[in-house]
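Shown below: upload.pdb, with PDB, C-alpha atoms.
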ATOM      1  CA  MET A   1     154.942 114.568 220.537
ATOM      2  CA  SER A   2     155.072 115.679 216.924
ATOM      3  CA  TYR A   3     158.095 117.101 215.134
ATOM      4  CA  TYR A   4     158.821 118.552 211.726
ATOM      5  CA  GLU A   5     161.576 120.697 210.329
ATOM      6  CA  ARG A   6     161.932 123.340 207.663
ATOM      7  CA  GLN A   7     164.676 125.880 208.401
ATOM      8  CA  LEU A   8     163.791 125.688 212.090
ATOM      9  CA  PRO A   9     162.771 122.644 214.127
ATOM     10  CA  HIS A  10     159.134 122.561 215.258
ATOM     11  CA  TRP A  11     158.428 120.467 218.362
ATOM     12  CA  GLN A  12     154.876 120.022 219.623
ATOM     13  CA  PRO A  13     154.725 117.988 222.839
ATOM     14  CA  ASP A  14     151.267 116.686 223.710
ATOM     15  CA  GLY A  15     149.449 119.049 226.060
ATOM     16  CA  ALA A  16     152.112 121.806 225.980
ATOM     17  CA  ALA A  17     151.344 125.425 225.187
ATOM     18  CA  LEU A  18     153.139 126.924 222.186
ATOM     19  CA  PHE A  19     154.525 130.440 221.773
ATOM     20  CA  VAL A  20     154.396 131.191 218.038
ATOM     21  CA  THR A  21     155.749 134.181 216.121
ATOM     22  CA  TRP A  22     155.464 134.899 212.432
ATOM     23  CA  ARG A  23     156.236 137.964 210.370
ATOM     24  CA  LEU A  24     155.361 139.735 207.178
ATOM     25  CA  PHE A  25     157.187 138.720 204.029
ATOM     26  CA  GLY A  26     160.220 140.984 203.560
ATOM     27  CA  SER A  27     160.027 142.496 207.054
ATOM     28  CA  LEU A  28     163.628 141.843 208.127
ATOM     29  CA  PRO A  29     166.364 144.094 206.732
ATOM     30  CA  ARG A  30     168.678 142.254 204.346
ATOM     31  CA  GLY A  31     171.611 142.254 206.784
ATOM     32  CA  VAL A  32     169.634 140.503 209.532
ATOM     33  CA  ARG A  33     169.445 136.742 209.511
ATOM     34  CA  ALA A  34     166.896 134.879 211.586
ATOM     35  CA  LEU A  35     169.346 131.964 211.833
ATOM     36  CA  ASP A  36     172.939 133.014 212.409
ATOM     37  CA  GLY A  37     174.356 129.990 214.178
ATOM     38  CA  SER A  38     173.462 131.261 217.637
ATOM     39  CA  SER A  39     170.961 129.591 219.927
ATOM     40  CA  ALA A  40     167.327 129.597 218.840
ATOM     41  CA  GLY A  41     166.459 131.858 221.787
ATOM     42  CA  ARG A  42     169.173 134.398 220.925
ATOM     43  CA  ALA A  43     168.220 134.327 217.234
ATOM     44  CA  PHE A  44     164.568 134.941 218.179
ATOM     45  CA  ALA A  45     165.435 137.855 220.510
ATOM     46  CA  ASP A  46     167.648 139.489 217.870
ATOM     47  CA  MET A  47     165.043 139.060 215.154
ATOM     48  CA  ASP A  48     162.227 140.355 217.390
ATOM     49  CA  ARG A  49     164.234 143.457 218.296
ATOM     50  CA  GLU A  50     164.729 144.220 214.606
ATOM     51  CA  LEU A  51     161.045 143.639 213.879
ATOM     52  CA  ASP A  52     160.049 145.962 216.728
ATOM     53  CA  LYS A  53     162.109 148.747 215.140
ATOM     54  CA  SER A  54     160.147 148.256 211.889
ATOM     55  CA  ALA A  55     162.612 150.606 210.223
ATOM     56  CA  SER A  56     162.369 148.854 206.863
ATOM     57  CA  GLY A  57     160.070 146.530 205.013
ATOM     58  CA  PRO A  58     156.294 146.279 204.978
ATOM     59  CA  ARG A  59     154.145 147.551 207.855
ATOM     60  CA  TRP A  60     150.843 146.229 206.563
ATOM     61  CA  LEU A  61     149.513 145.359 210.028
ATOM     62  CA  ALA A  62     149.454 149.105 210.814
ATOM     63  CA  ASP A  63     146.392 149.288 208.525
ATOM     64  CA  ASP A  64     143.387 148.792 210.821
ATOM     65  CA  ARG A  65     141.502 146.846 208.127
ATOM     66  CA  VAL A  66     144.357 144.373 207.724
ATOM     67  CA  ALA A  67     144.921 144.099 211.481
ATOM     68  CA  GLN A  68     141.226 143.391 212.066
ATOM     69  CA  GLY A  69     141.349 140.637 209.441
ATOM     70  CA  VAL A  70     144.263 138.954 211.245
ATOM     71  CA  VAL A  71     142.490 139.230 214.620
ATOM     72  CA  ASP A  72     139.366 137.756 213.040
ATOM     73  CA  ALA A  73     141.465 134.843 211.723
ATOM     74  CA  LEU A  74     143.000 134.251 215.186
ATOM     75  CA  LEU A  75     139.586 134.222 216.845
ATOM     76  CA  PHE A  76     138.026 132.098 214.080
ATOM     77  CA  GLY A  77     140.775 129.496 214.524
ATOM     78  CA  GLU A  78     139.905 129.265 218.207
ATOM     79  CA  ARG A  79     136.128 129.659 218.240
ATOM     80  CA  GLU A  80     134.961 128.130 214.969
ATOM     81  CA  LEU A  81     137.687 125.736 213.832
ATOM     82  CA  ASP A  82     138.561 124.682 217.414
ATOM     83  CA  LEU A  83     142.255 124.382 216.485
ATOM     84  CA  TYR A  84     143.520 125.810 219.793
ATOM     85  CA  SER A  85     142.734 127.721 222.952
ATOM     86  CA  LEU A  86     144.184 131.195 222.616
ATOM     87  CA  ARG A  87     145.896 132.428 225.805
ATOM     88  CA  ALA A  88     147.607 135.644 224.614
ATOM     89  CA  TRP A  89     148.279 137.433 221.333
ATOM     90  CA  VAL A  90     149.552 140.691 219.884
ATOM     91  CA  LEU A  91     149.768 142.184 216.414
ATOM     92  CA  MET A  92     152.695 144.503 215.857
ATOM     93  CA  VAL A  93     153.085 146.475 212.614
ATOM     94  CA  ASN A  94     155.037 143.677 210.929
ATOM     95  CA  HIS A  95     154.716 140.524 213.040
ATOM     96  CA  VAL A  96     152.395 138.533 215.295
ATOM     97  CA  HIS A  97     152.957 136.704 218.580
ATOM     98  CA  MET A  98     150.464 134.229 220.010
ATOM     99  CA  LEU A  99     150.408 131.756 222.877
ATOM    100  CA  VAL A 100     148.090 128.796 222.325
ATOM    101  CA  PHE A 101     147.167 125.449 223.752
ATOM    102  CA  PRO A 102     146.975 123.515 220.463
ATOM    103  CA  LYS A 103     144.259 121.012 219.626
ATOM    104  CA  ALA A 104     145.717 120.352 216.150
ATOM    105  CA  PRO A 105     149.178 120.152 214.601
ATOM    106  CA  LEU A 106     150.951 123.511 214.482
ATOM    107  CA  SER A 107     151.343 123.299 210.710
ATOM    108  CA  ARG A 108     147.541 123.108 210.371
ATOM    109  CA  ILE A 109     147.068 126.028 212.776
ATOM    110  CA  THR A 110     149.493 128.349 210.992
ATOM    111  CA  ARG A 111     148.220 127.306 207.560
ATOM    112  CA  ALA A 112     144.638 128.168 208.569
ATOM    113  CA  ILE A 113     145.473 131.540 210.127
ATOM    114  CA  ASN A 114     148.019 132.612 207.544
ATOM    115  CA  GLY A 115     146.100 131.409 204.509
ATOM    116  CA  PHE A 116     142.877 133.193 205.429
ATOM    117  CA  SER A 117     144.508 136.402 206.698
ATOM    118  CA  ALA A 118     146.889 136.651 203.714
ATOM    119  CA  ARG A 119     144.049 136.383 201.200
ATOM    120  CA  GLN A 120     141.999 139.006 203.055
ATOM    121  CA  ALA A 121     144.956 141.372 203.523
ATOM    122  CA  ASN A 122     146.090 141.123 199.919
ATOM    123  CA  LEU A 123     142.555 141.923 198.732
ATOM    124  CA  ILE A 124     142.431 144.972 201.021
ATOM    125  CA  LEU A 125     145.874 146.123 199.898
ATOM    126  CA  GLY A 126     145.273 145.418 196.202
ATOM    127  CA  ARG A 127     148.140 142.934 195.970
ATOM    128  CA  ALA A 128     146.380 139.662 195.143
ATOM    129  CA  GLY A 129     148.674 136.691 194.566
ATOM    130  CA  GLN A 130     151.664 138.241 196.347
ATOM    131  CA  PRO A 131     153.373 136.698 199.378
ATOM    132  CA  PHE A 132     152.091 138.268 202.588
ATOM    133  CA  TRP A 133     153.589 136.176 205.420
ATOM    134  CA  GLN A 134     157.132 134.840 205.628
ATOM    135  CA  ASP A 135     157.068 131.064 205.087
ATOM    136  CA  GLU A 136     158.742 130.085 208.349
ATOM    137  CA  SER A 137     157.410 130.757 211.836
ATOM    138  CA  TYR A 138     159.246 130.565 215.135
ATOM    139  CA  ASP A 139     157.701 128.490 217.903
ATOM    140  CA  ARG A 140     158.681 127.398 221.370
ATOM    141  CA  TRP A 141     156.877 124.945 223.591
ATOM    142  CA  VAL A 142     156.256 126.245 227.096
ATOM    143  CA  ARG A 143     158.006 124.203 229.757
ATOM    144  CA  ASP A 144     156.206 125.232 232.963
ATOM    145  CA  PRO A 145     153.634 127.644 234.482
ATOM    146  CA  ALA A 146     156.279 130.254 235.356
ATOM    147  CA  GLU A 147     157.442 130.386 231.744
ATOM    148  CA  LEU A 148     153.810 130.621 230.614
ATOM    149  CA  GLY A 149     153.360 133.747 232.751
ATOM    150  CA  ARG A 150     156.587 135.303 231.432
ATOM    151  CA  ILE A 151     155.515 134.698 227.845
ATOM    152  CA  VAL A 152     152.048 136.217 228.396
ATOM    153  CA  ARG A 153     153.719 139.320 229.856
ATOM    154  CA  TYR A 154     156.231 139.436 226.992
ATOM    155  CA  ILE A 155     153.484 139.215 224.373
ATOM    156  CA  GLU A 156     151.200 141.797 225.929
ATOM    157  CA  ARG A 157     154.071 144.182 226.795
ATOM    158  CA  ASN A 158     155.607 144.028 223.303
ATOM    159  CA  PRO A 159     153.896 147.258 222.087
ATOM    160  CA  VAL A 160     155.092 149.058 225.237
ATOM    161  CA  ALA A 161     158.655 147.766 224.806
ATOM    162  CA  ALA A 162     158.601 148.881 221.154
ATOM    163  CA  GLY A 163     157.464 152.393 222.190
ATOM    164  CA  LEU A 164     154.091 152.195 220.443
ATOM    165  CA  VAL A 165     152.035 152.888 223.590
ATOM    166  CA  GLY A 166     152.730 153.709 227.225
ATOM    167  CA  ARG A 167     150.495 151.023 228.760
ATOM    168  CA  VAL A 168     149.635 147.437 227.802
ATOM    169  CA  GLU A 169     145.907 148.103 227.932
ATOM    170  CA  ASP A 170     146.201 150.908 225.326
ATOM    171  CA  TRP A 171     147.292 148.699 222.388
ATOM    172  CA  ARG A 172     144.122 147.793 220.482
ATOM    173  CA  TRP A 173     145.630 144.784 218.707
ATOM    174  CA  SER A 174     146.383 142.664 221.779
ATOM    175  CA  SER A 175     144.768 140.322 224.255
ATOM    176  CA  GLY A 176     145.790 142.900 226.882
ATOM    177  CA  PHE A 177     143.685 145.675 225.309
ATOM    178  CA  GLY A 178     141.362 147.369 227.759
ATOM    179  CA  LEU A 179     142.564 145.335 230.739
ATOM    180  CA  THR A 180     143.533 146.984 233.961
ATOM    181  CA  LYS A 181     146.739 145.365 235.193
TER     182      LYS A 181
END
Now that the file is in, can you turn its structure into structure tokens?
Amino acid sequence: MSYYERQLPHWQPDGAALFVTWRLFGSLPRGVRALDGSSAGRAFADMDRELDKSASGPRWLADDRVAQGVVDALLFGERELDLYSLRAWVLMVNHVHMLVFPKAPLSRITRAINGFSARQANLILGRAGQPFWQDESYDRWVRDPAELGRIVRYIERNPVAAGLVGRVEDWRWSSGFGLTK
């Protein structure tokens, strides 16, 4: 098992799937704190609800060119760099959720995805050298198969829950796109 800490603890047990969320730089309103002394699960739920509202801050992932660049980075990390097996993912307008079976340390995975996608996005948006992703990500290791199923459903239903589409299979920027459930 590996462990490191920044603002949040990051546990990576050998062989466990990881649910990882990261967001655009400046995407949370000033009054919302990702860490407010509550449990990590409660803090995540509160933060995700605010992100789903996307009432303030950047919405760069709503640009199809930027979104495609992030999807390309996710798939490249799996298929070419062999850093993980990707089980589920979704791009919202200001954050990303993914569920992976890691083959490398999480810090290497997020650095690869975020570094490549940030450079591409900033070129597209004409904002070279500016922060694109928030430094810290949230991750949770999956404890059992039932939790794995719940997380896949959560990820793929996120656009429905946020009111962006009526059906999971209608959100283009998700592993659930085009599937009949």
With the PyMOL selection byres ((chain A and resi 115-121) around 10) as the selection, what would be picked from this file? Answer as a ChimeraX atom specification, please. /A:24,60-61,63,65-74,76,109-114,122-133
With all atoms listed in the file as the atoms that count, which of A:His95, A:Phe19, A:Leu179, A:Val90 lies nearest to A:Arg157?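 Smallest distance to A:Arg157 is found for A:Val90.
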Can you tell me which residues surround A:His97 at a distance of at most 9 Å, considering all atoms listed in the file, apart from same-chain residues fewer than 6 positions away, and format the answer as a list in words? Phe19, Val20, Thr21, Trp22, Arg23, Ala88, Trp89, Val90, Leu91 and Ile155 of chain A
Between atom CA of A:Pro105 and atom CA of A:Asp135 - distance in Å to one decimal: 16.5 Å
Looking at all atoms listed in the file, which of A:Arg108, A:Pro102, A:Val96, A:Ser85 is the one that sits closest to A:Ala62?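 Nearest to A:Ala62: A:Val96.
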Any idea what's packed within 12 Å of A:Asn158, counting all atoms listed in the file, ignoring anything in its chain fewer than 2 positions away? Could you give it as number ranges by chain? A: 45, 48-49, 51-53, 88-93, 95-98, 150-156, 160-171, 173-176
Enclose the full set of atoms of stretch 56-66 of chain A listed in the file within a box whose edges lie along x, y and z, apply 8 Å of padding to each of the six sides, and report centre and edge lengths in Å to one decimal as AutoDock Vina command-line options.
--center_x 151.9 --center_y 146.8 --center_z 207.9 --size_x 36.9 --size_y 20.9 --size_z 21.8
Suppose a student applies the PyMOL selection byres ((chain A and resi 17) around 9) to this structure; what residues should they get, written as a PyMOL selection string? chain A and resi 12-16+18-19+87+99-102+140-143+148
Output the selection as a short mmCIF file (atom, residue, chain, number, x, y, z; two decimals), in the frame of the given file - C-alpha atoms for each residue.
data_model
loop_
_atom_site.label_atom_id
_atom_site.label_comp_id
_atom_site.auth_asym_id
_atom_site.auth_seq_id
_atom_site.Cartn_x
_atom_site.Cartn_y
_atom_site.Cartn_z
CA GLN A 12 154.88 120.02 219.62
CA PRO A 13 154.72 117.99 222.84
CA ASP A 14 151.27 116.69 223.71
CA GLY A 15 149.45 119.05 226.06
CA ALA A 16 152.11 121.81 225.98
CA LEU A 18 153.14 126.92 222.19
CA PHE A 19 154.52 130.44 221.77
CA ARG A 87 145.90 132.43 225.80
CA LEU A 99 150.41 131.76 222.88
CA VAL A 100 148.09 128.80 222.32
CA PHE A 101 147.17 125.45 223.75
CA PRO A 102 146.98 123.52 220.46
CA ARG A 140 158.68 127.40 221.37
CA TRP A 141 156.88 124.94 223.59
CA VAL A 142 156.26 126.24 227.10
CA ARG A 143 158.01 124.20 229.76
CA LEU A 148 153.81 130.62 230.61
#
So how many Å separate atom CA of A:Asp139 and atom CA of A:Leu86, to one decimal? 14.6 Å
With the file shown as input, list the residues that the PyMOL selection byres ((chain A and resi 83) around 8) selects, as a ChimeraX atom specification. /A:77-78,81-82,84-85,102-104,109
Point-to-point distance in Å for atom CA of A:Glu136 and atom CA of A:Gly57: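 Computing the Euclidean distance for atom CA of A:Gly57 and atom CA of A:Glu136 yields 16.8 Å.
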Compare A:Ser27, A:Gly178, A:Arg79, A:Leu106 by their minimum atom-to-atom distance to A:Tyr138, counting all atoms listed in the file, and give me the closest one.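 Counting all atoms listed in the file, the residue closest to A:Tyr138 is A:Leu106.
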